[in-house]
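Have a look at protein14.txt; it's compact mmCIF, C-alpha atoms and all ligand atoms:
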# COMPACT_ATOMS: atom_id res chain seq x y z
CA MET W 1 -32.34 -39.74 26.30
CA ARG W 2 -34.63 -40.61 29.19
CA LEU W 3 -33.44 -38.87 32.33
CA ARG W 4 -34.14 -40.97 35.35
CA ASN W 5 -34.69 -39.88 38.94
CA ILE W 6 -35.87 -36.39 38.28
CA LYS W 7 -37.95 -36.18 41.38
CA GLY W 8 -41.36 -34.64 41.03
CA SER W 9 -41.18 -34.09 37.25
CA ARG W 10 -44.62 -35.64 36.74
CA GLU W 11 -46.11 -33.39 39.41
CA ALA W 12 -44.36 -30.27 38.09
CA ILE W 13 -45.68 -30.99 34.62
CA ALA W 14 -49.21 -31.64 35.87
CA GLU W 15 -49.32 -28.11 37.25
CA HIS W 16 -47.42 -26.30 34.50
CA PRO W 17 -49.57 -23.87 32.46
CA LEU W 18 -47.60 -24.49 29.22
CA VAL W 19 -48.28 -28.23 29.33
CA ILE W 20 -51.71 -28.98 27.90
CA LYS W 21 -53.59 -31.78 29.59
CA GLU W 22 -56.46 -33.74 27.97
CA GLU W 23 -54.97 -32.73 24.66
CA GLN W 24 -57.62 -34.55 22.56
CA THR W 25 -60.22 -32.06 23.74
CA TYR W 26 -58.38 -29.28 21.83
CA LYS W 27 -58.53 -31.07 18.48
CA GLY W 28 -59.55 -28.35 15.99
CA ARG W 29 -59.30 -25.65 18.70
CA TRP W 30 -55.59 -25.11 19.26
CA TYR W 31 -55.95 -21.56 17.97
CA GLU W 32 -58.12 -20.82 21.02
CA LEU W 33 -55.28 -21.73 23.36
CA PHE W 34 -52.84 -19.51 21.47
CA GLY W 35 -55.43 -16.74 21.11
CA ASN W 36 -54.72 -16.33 17.37
CA ASP W 37 -54.80 -18.30 14.12
CA HIS W 38 -51.08 -18.19 13.33
CA PRO W 39 -49.58 -21.27 11.64
CA ILE W 40 -48.84 -24.20 13.95
CA HIS W 41 -45.52 -26.04 13.75
CA ILE W 42 -44.92 -29.09 15.92
CA GLU W 43 -41.88 -31.12 16.91
CA VAL W 44 -42.55 -34.77 17.66
CA GLY W 45 -40.02 -36.28 20.08
CA MET W 46 -38.83 -32.87 21.17
CA GLY W 47 -36.46 -33.96 23.92
CA LYS W 48 -35.13 -31.10 26.05
CA GLY W 49 -36.54 -28.45 23.74
CA LYS W 50 -33.54 -26.41 22.56
CA PHE W 51 -34.63 -26.43 18.92
CA LEU W 52 -38.27 -25.53 19.50
CA THR W 53 -37.72 -22.86 22.16
CA GLU W 54 -35.15 -21.18 19.93
CA LEU W 55 -37.53 -21.22 16.96
CA ALA W 56 -40.34 -19.80 19.11
CA GLY W 57 -38.14 -16.88 20.17
CA ASN W 58 -37.08 -16.23 16.56
CA ASN W 59 -40.57 -16.49 15.01
CA PRO W 60 -43.24 -14.76 17.12
CA ASP W 61 -45.87 -15.19 14.36
CA ILE W 62 -45.66 -18.97 14.40
CA ASN W 63 -47.17 -21.10 17.15
CA TYR W 64 -45.11 -24.09 18.31
CA ILE W 65 -46.15 -27.27 20.06
CA GLY W 66 -43.54 -29.65 21.46
CA ILE W 67 -44.51 -33.29 21.93
CA GLU W 68 -42.48 -35.52 24.23
CA LYS W 69 -43.16 -38.89 25.78
CA TYR W 70 -41.28 -38.49 29.05
CA SER W 71 -41.93 -36.00 31.85
CA SER W 72 -38.31 -36.25 32.99
CA VAL W 73 -37.20 -34.87 29.60
CA LEU W 74 -40.04 -32.42 29.03
CA ILE W 75 -39.23 -30.69 32.30
CA ARG W 76 -35.93 -29.52 30.80
CA ALA W 77 -37.81 -27.78 27.99
CA LEU W 78 -40.06 -26.07 30.54
CA GLU W 79 -36.98 -24.77 32.35
CA LYS W 80 -35.83 -23.20 29.07
CA CYS W 81 -39.17 -21.34 28.83
CA GLU W 82 -38.93 -19.77 32.27
CA GLY W 83 -39.52 -16.05 31.90
CA TYR W 84 -40.41 -16.39 28.20
CA GLU W 85 -43.53 -14.34 27.50
CA GLY W 86 -43.89 -14.83 23.74
CA GLY W 87 -47.06 -16.87 24.21
CA ASN W 88 -46.30 -18.95 21.09
CA ILE W 89 -45.15 -22.25 22.61
CA LEU W 90 -47.04 -25.09 24.30
CA PHE W 91 -46.20 -28.67 25.18
CA ILE W 92 -47.90 -32.04 25.29
CA ARG W 93 -46.59 -35.05 27.18
CA MET W 94 -47.81 -38.02 25.20
CA ASP W 95 -46.82 -40.95 23.05
CA ALA W 96 -47.11 -39.76 19.45
CA GLU W 97 -48.82 -43.01 18.41
CA THR W 98 -52.15 -41.28 19.10
CA ILE W 99 -51.16 -37.94 17.57
CA ALA W 100 -54.00 -38.04 15.01
CA ASP W 101 -56.46 -37.78 17.93
CA VAL W 102 -54.97 -34.44 18.94
CA PHE W 103 -54.99 -32.40 15.73
CA ASP W 104 -57.76 -31.88 13.22
CA LYS W 105 -57.52 -31.96 9.42
CA ASP W 106 -55.31 -29.10 8.14
CA GLU W 107 -54.56 -27.88 11.67
CA VAL W 108 -50.75 -28.19 11.47
CA ASP W 109 -48.49 -26.45 8.95
CA ARG W 110 -45.20 -28.18 9.65
CA ILE W 111 -43.92 -31.26 11.47
CA TYR W 112 -40.33 -31.43 12.70
CA LEU W 113 -38.76 -34.78 13.53
CA ASN W 114 -35.27 -34.42 14.96
CA PHE W 115 -32.94 -37.29 15.82
CA SER W 116 -35.88 -39.62 16.31
CA ASP W 117 -35.27 -42.88 18.15
CA PRO W 118 -33.97 -45.43 15.59
CA TRP W 119 -35.74 -48.57 16.89
CA PRO W 120 -33.06 -50.71 15.13
CA LYS W 121 -34.92 -54.04 15.27
CA ASP W 122 -37.01 -54.72 12.15
CA ARG W 123 -39.98 -55.81 14.21
CA HIS W 124 -40.08 -52.32 15.78
CA ALA W 125 -39.98 -50.44 12.46
CA LYS W 126 -43.57 -49.21 12.89
CA ARG W 127 -42.51 -47.29 15.99
CA ARG W 128 -40.06 -45.13 14.02
CA LEU W 129 -41.49 -41.65 13.69
CA THR W 130 -40.63 -41.71 9.95
CA SER W 131 -42.34 -45.05 9.24
CA LYS W 132 -45.14 -45.11 6.68
CA GLU W 133 -47.52 -45.79 9.56
CA PHE W 134 -46.53 -42.44 11.09
CA PHE W 135 -46.75 -40.69 7.69
CA SER W 136 -50.35 -41.87 7.44
CA ARG W 137 -51.03 -40.32 10.86
CA TYR W 138 -49.39 -37.04 9.77
CA ASP W 139 -51.49 -37.14 6.59
CA GLN W 140 -54.63 -36.76 8.71
CA PHE W 141 -53.79 -33.33 10.10
CA LEU W 142 -50.97 -31.72 8.10
CA LYS W 143 -52.08 -28.95 5.73
CA ASP W 144 -52.03 -29.84 2.03
CA ASP W 145 -48.91 -27.76 1.40
CA GLY W 146 -47.36 -28.67 4.77
CA ARG W 147 -43.94 -30.24 5.22
CA VAL W 148 -42.38 -32.97 7.33
CA ILE W 149 -38.75 -32.06 8.02
CA PHE W 150 -36.48 -34.74 9.46
CA LYS W 151 -32.88 -34.54 10.69
CA THR W 152 -30.65 -37.31 11.95
CA ASP W 153 -27.04 -38.47 11.96
CA ASN W 154 -28.20 -42.09 11.75
CA ARG W 155 -27.66 -43.15 8.14
CA PRO W 156 -29.59 -46.44 8.25
CA LEU W 157 -32.57 -44.61 9.78
CA PHE W 158 -32.26 -41.86 7.18
CA ASP W 159 -32.16 -44.35 4.29
CA PHE W 160 -35.18 -46.14 5.76
CA SER W 161 -36.97 -42.78 6.01
CA LEU W 162 -36.24 -41.87 2.36
CA GLU W 163 -37.84 -45.19 1.37
CA GLN W 164 -40.81 -44.71 3.66
CA VAL W 165 -41.55 -41.26 2.23
CA ARG W 166 -41.89 -42.86 -1.20
CA GLU W 167 -43.80 -45.91 0.07
CA ALA W 168 -46.25 -43.66 1.87
CA GLY W 169 -46.88 -41.87 -1.44
CA TRP W 170 -45.27 -38.63 -0.28
CA ILE W 171 -42.79 -36.60 -2.32
CA LEU W 172 -39.24 -35.69 -1.39
CA GLU W 173 -38.88 -31.95 -1.76
CA ASN W 174 -35.15 -32.16 -1.09
CA TYR W 175 -32.62 -34.07 0.97
CA THR W 176 -28.97 -33.96 1.92
CA TYR W 177 -26.52 -36.30 3.62
CA ASP W 178 -24.48 -33.39 4.95
CA LEU W 179 -26.72 -30.57 6.07
CA HIS W 180 -24.02 -28.40 7.61
CA HIS W 181 -22.12 -28.26 4.31
CA SER W 182 -25.18 -27.89 2.11
CA GLU W 183 -27.32 -25.07 0.73
CA TYR W 184 -29.76 -25.72 3.62
CA ALA W 185 -27.20 -24.87 6.32
CA GLU W 186 -28.10 -21.19 6.46
CA GLY W 187 -30.59 -20.49 9.23
CA ASN W 188 -30.41 -24.08 10.50
CA VAL W 189 -31.25 -24.23 14.22
CA MET W 190 -29.38 -27.05 15.94
CA THR W 191 -31.02 -29.50 18.31
CA GLU W 192 -29.33 -30.88 21.43
CA TYR W 193 -28.50 -34.15 19.64
CA GLU W 194 -27.35 -32.32 16.53
CA GLU W 195 -24.84 -30.31 18.56
CA LYS W 196 -23.55 -33.42 20.24
CA PHE W 197 -23.22 -35.60 17.13
CA SER W 198 -21.90 -32.93 14.79
CA ALA W 199 -19.23 -32.09 17.40
CA MET W 200 -18.17 -35.75 17.09
CA GLY W 201 -17.75 -35.23 13.33
CA ASN W 202 -20.94 -37.04 12.25
CA PRO W 203 -22.55 -35.56 9.15
CA ILE W 204 -26.19 -34.60 9.64
CA CYS W 205 -28.80 -35.83 7.15
CA ARG W 206 -31.97 -33.85 6.45
CA LEU W 207 -35.04 -34.35 4.30
CA SER W 208 -38.17 -32.37 3.56
CA ALA W 209 -41.29 -34.21 2.38
CA TYR W 210 -44.78 -33.22 1.29
CA ARG W 211 -47.67 -34.83 -0.53
CA GLU W 212 -49.42 -33.84 -3.71
CA LYS W 213 -53.09 -33.09 -3.11
N1 LIG W 301 -35.37 -33.96 19.18
C1 LIG W 301 -34.40 -33.91 20.25
C2 LIG W 301 -33.05 -33.57 19.70
O1 LIG W 301 -32.85 -33.64 18.48
O2 LIG W 301 -32.16 -33.20 20.49
C3 LIG W 301 -34.39 -35.21 21.07
C4 LIG W 301 -33.93 -36.44 20.36
S1 LIG W 301 -34.06 -37.90 21.37
C5 LIG W 301 -33.01 -39.05 20.62
C6 LIG W 301 -35.66 -38.53 20.92
C7 LIG W 301 -36.77 -38.02 21.82
O3 LIG W 301 -38.01 -38.42 21.28
C8 LIG W 301 -36.72 -38.57 23.25
O4 LIG W 301 -36.83 -37.50 24.16
C9 LIG W 301 -37.92 -39.52 23.31
O5 LIG W 301 -38.47 -39.60 24.61
C10 LIG W 301 -38.86 -38.88 22.32
N2 LIG W 301 -39.79 -39.82 21.71
C11 LIG W 301 -39.46 -40.99 21.09
N3 LIG W 301 -40.56 -41.62 20.65
C12 LIG W 301 -41.61 -40.83 20.98
C13 LIG W 301 -43.01 -40.94 20.80
N4 LIG W 301 -43.56 -42.01 20.20
N5 LIG W 301 -43.81 -39.94 21.25
C14 LIG W 301 -43.26 -38.86 21.87
N6 LIG W 301 -41.94 -38.71 22.08
C15 LIG W 301 -41.12 -39.68 21.64

If you convert what's in this file into C-alpha cells, what do you get?
Amino acid sequence: MRLRNIKGSREAIAEHPLVIKEEQTYKGRWYELFGNDHPIHIEVGMGKGKFLTELAGNNPDINYIGIEKYSSVLIRALEKCEGYEGGNILFIRMDAETIADVFDKDEVDRIYLNFSDPWPKDRHAKRRLTSKEFFSRYDQFLKDDGRVIFKTDNRPLFDFSLEQVREAGWILENYTYDLHHSEYAEGNVMTEYEEKFSAMGNPICRLSAYREK
C-alpha cells in the first residue's frame, strides 16, 4: 500500500490543519479540537481514506479520526477532504502501536479496522491490528459499549482475528464470511481495498466485537 516517491508529502502533512501533530497532548481533549462532544469513531490503518471520508460526509454528528502510518498514503486522504467543510474529520500520522497514549479511557466509541496488513509470519503476529496485544490497547480507551469492527478478504487473518477476540476476553457480536451477501450488506461503505478485492470475486469477511463490562 505504501506509495513511494510522493515528493513533499511529509512537508504537506506537517502544515495541513486536519493532521494533528503531538497527538498525545490531546489525550482526553479531542472534543476540544472538534468543538463538540459528539461520539468519536476511528479507523486504524486508514490508507487513502475513502471509507472514513465517506462516513464523515454521511454522518455529520459523528467525529472521525483516521490513523495512518505513512505520509505518502495519508496525503491521498487529505486530497479527498479538499473543500470539505463538515468539521468532523481529523487525521493522525502515527504507528498505532502507541495508540493508547493518544486516547483517554472511554474517549472512543468505535474502532474500524479495514483490510489490515496480515503480517503472515508467526513471529510478527503481535503487529497485526487484530492481535490480542492490540485488543488490550483498544480496551484502554474504547467505551464500555463500544465496538471493534473488522473487515478483510484474508481468510487466515480473519480466522486468527476470531480467535484473538476470544483470547482477549472480548465477545463476538456477529461475524460473516461473506459480507456482501449477508444481512450486514445494507449500508456497508466500501474501502479502497474492499472495492479492489471484491471486484476480483473475493468474499469479504467482517466481525464486530465488544467486551462485557
Ligand atoms: N483501510 C484501507 C482500506 O481498506 O482500503 C487500507 C488498507 S492497507 C492494506 C493497510 C493500511 O494500514 C496501510 O496504509 C498501512 O500503512 C496502514 N497501517 C498498517 N499498520 C499500521 C500501524 N501499525 N499504524 C498505522 N497504520 C498502519

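Nearest to W:Asp101 of all the residues W:Gly28, W:Pro39, W:Pro118, W:Pro203 is W:Gly28, based on only C-alpha atoms.
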
Pick the closest to ligand LIG 301 (chain W) from W:Tyr64, W:Phe141, W:Trp119, W:Phe103: which is it, counting all atoms listed in the file?
W:Trp119

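The nearest approach to W:Gly45 among the residues W:Val102, W:Val108, W:Ala12, W:Leu113, with all atoms listed in the file taken into account, belongs to W:Leu113.
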
Let me see if you get this right: every residue at most 8 Å from ligand LIG 301 (chain W), counting only C-alpha atoms and all ligand atoms, written as an MDAnalysis selection string.
chainID W and resid 1:2 43:51 67:70 73:74 93:97 113:117 127:129 151:152 190:194

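Going from atom CA of W:Arg155 to atom CA of W:Ile92 covers 28.8 Å.
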
Counting only C-alpha atoms, what is within 12 Å of W:Tyr84, bar same-chain residues fewer than 3 positions away, as a ChimeraX atom specification?
/W:18,53-54,56-57,60,77-81,87-90

Preceding selection exported with C-alpha atoms as a JSON list (two decimals), in the coordinates of the input:
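As a result, selection06.json now contains:
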[["chain", "number", "residue", "atom", "x", "y", "z"],
["W", 18, "LEU", "CA", -47.60, -24.49, 29.22],
["W", 53, "THR", "CA", -37.72, -22.86, 22.16],
["W", 54, "GLU", "CA", -35.15, -21.18, 19.93],
["W", 56, "ALA", "CA", -40.34, -19.80, 19.11],
["W", 57, "GLY", "CA", -38.14, -16.88, 20.17],
["W", 60, "PRO", "CA", -43.24, -14.76, 17.12],
["W", 77, "ALA", "CA", -37.81, -27.78, 27.99],
["W", 78, "LEU", "CA", -40.06, -26.07, 30.54],
["W", 79, "GLU", "CA", -36.98, -24.77, 32.35],
["W", 80, "LYS", "CA", -35.83, -23.20, 29.07],
["W", 81, "CYS", "CA", -39.17, -21.34, 28.83],
["W", 87, "GLY", "CA", -47.06, -16.87, 24.21],
["W", 88, "ASN", "CA", -46.30, -18.95, 21.09],
["W", 89, "ILE", "CA", -45.15, -22.25, 22.61],
["W", 90, "LEU", "CA", -47.04, -25.09, 24.30]]

Can you tell me, as a PyMOL selection string, what residues are no more than 12 Å from stretch 130-136 of chain W when counting all atoms listed in the file, ignoring any on the same chain fewer than 6 positions away?
chain W and resi 44-45+96-100+111-119+122+124+142+147-152+157-171+207-211

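Neighbouring residues of W:Glu11 at 12 Å or closer, counting all atoms listed in the file and skipping chain neighbours under 5 positions away, are Ile6, His16, Val19, Ser71, Ser72 and Ile75 of chain W.
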
Output C-alpha atoms for every residue in that selection, as a PDB file, in the frame of the given file.
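result.pdb, freshly written:
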ATOM      1  CA  ILE W   6     -35.870 -36.390  38.280  1.00  0.00           C
ATOM      2  CA  HIS W  16     -47.420 -26.300  34.500  1.00  0.00           C
ATOM      3  CA  VAL W  19     -48.280 -28.230  29.330  1.00  0.00           C
ATOM      4  CA  SER W  71     -41.930 -36.000  31.850  1.00  0.00           C
ATOM      5  CA  SER W  72     -38.310 -36.250  32.990  1.00  0.00           C
ATOM      6  CA  ILE W  75     -39.230 -30.690  32.300  1.00  0.00           C
TER       7      ILE W  75
END

Considering all atoms listed in the file, can you say which of W:Pro17, W:Gly201, W:Gly86, W:Pro120 comes closest to W:Leu55?
W:Gly86

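Comparing W:Cys205, W:Asp153, W:Asn63, W:Gly146 by their smallest distance to W:Tyr31, the closest is W:Asn63 (using all atoms listed in the file).
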
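Considering only C-alpha atoms, the residue among W:Ile42, W:Ala199, W:Ile65, W:Ile204 positioned nearest to W:Tyr175 is W:Ile204.
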
Give me stretch 132-146 of chain W with N, CA and C atoms filled in, as a short mmCIF file (atom, residue, chain, number, x, y, z; two decimals), in the frame of the given file.
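selection-v1.cif was written with the following content:
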data_model
loop_
_atom_site.label_atom_id
_atom_site.label_comp_id
_atom_site.auth_asym_id
_atom_site.auth_seq_id
_atom_site.Cartn_x
_atom_site.Cartn_y
_atom_site.Cartn_z
N LYS W 132 -43.96 -45.48 7.48
CA LYS W 132 -45.14 -45.11 6.68
C LYS W 132 -46.39 -45.06 7.54
N GLU W 133 -46.37 -45.85 8.64
CA GLU W 133 -47.52 -45.79 9.56
C GLU W 133 -47.64 -44.39 10.17
N PHE W 134 -46.48 -43.81 10.53
CA PHE W 134 -46.53 -42.44 11.09
C PHE W 134 -46.88 -41.43 10.00
N PHE W 135 -46.38 -41.63 8.76
CA PHE W 135 -46.75 -40.69 7.69
C PHE W 135 -48.26 -40.71 7.48
N SER W 136 -48.89 -41.86 7.65
CA SER W 136 -50.35 -41.87 7.44
C SER W 136 -51.06 -41.16 8.59
N ARG W 137 -50.45 -41.14 9.76
CA ARG W 137 -51.03 -40.32 10.86
C ARG W 137 -50.86 -38.84 10.54
N TYR W 138 -49.65 -38.46 10.08
CA TYR W 138 -49.39 -37.04 9.77
C TYR W 138 -50.34 -36.55 8.66
N ASP W 139 -50.62 -37.47 7.71
CA ASP W 139 -51.49 -37.14 6.59
C ASP W 139 -52.87 -36.65 7.05
N GLN W 140 -53.28 -37.10 8.22
CA GLN W 140 -54.63 -36.76 8.71
C GLN W 140 -54.76 -35.33 9.21
N PHE W 141 -53.64 -34.68 9.54
CA PHE W 141 -53.79 -33.33 10.10
C PHE W 141 -52.82 -32.28 9.54
N LEU W 142 -51.89 -32.71 8.68
CA LEU W 142 -50.97 -31.72 8.10
C LEU W 142 -51.67 -31.02 6.94
N LYS W 143 -51.49 -29.70 6.85
CA LYS W 143 -52.08 -28.95 5.73
C LYS W 143 -51.59 -29.51 4.39
N ASP W 144 -52.37 -29.29 3.35
CA ASP W 144 -52.03 -29.84 2.03
C ASP W 144 -50.62 -29.46 1.58
N ASP W 145 -50.25 -28.20 1.83
CA ASP W 145 -48.91 -27.76 1.40
C ASP W 145 -47.90 -27.83 2.55
N GLY W 146 -48.25 -28.56 3.60
CA GLY W 146 -47.36 -28.67 4.77
C GLY W 146 -46.16 -29.57 4.50
#
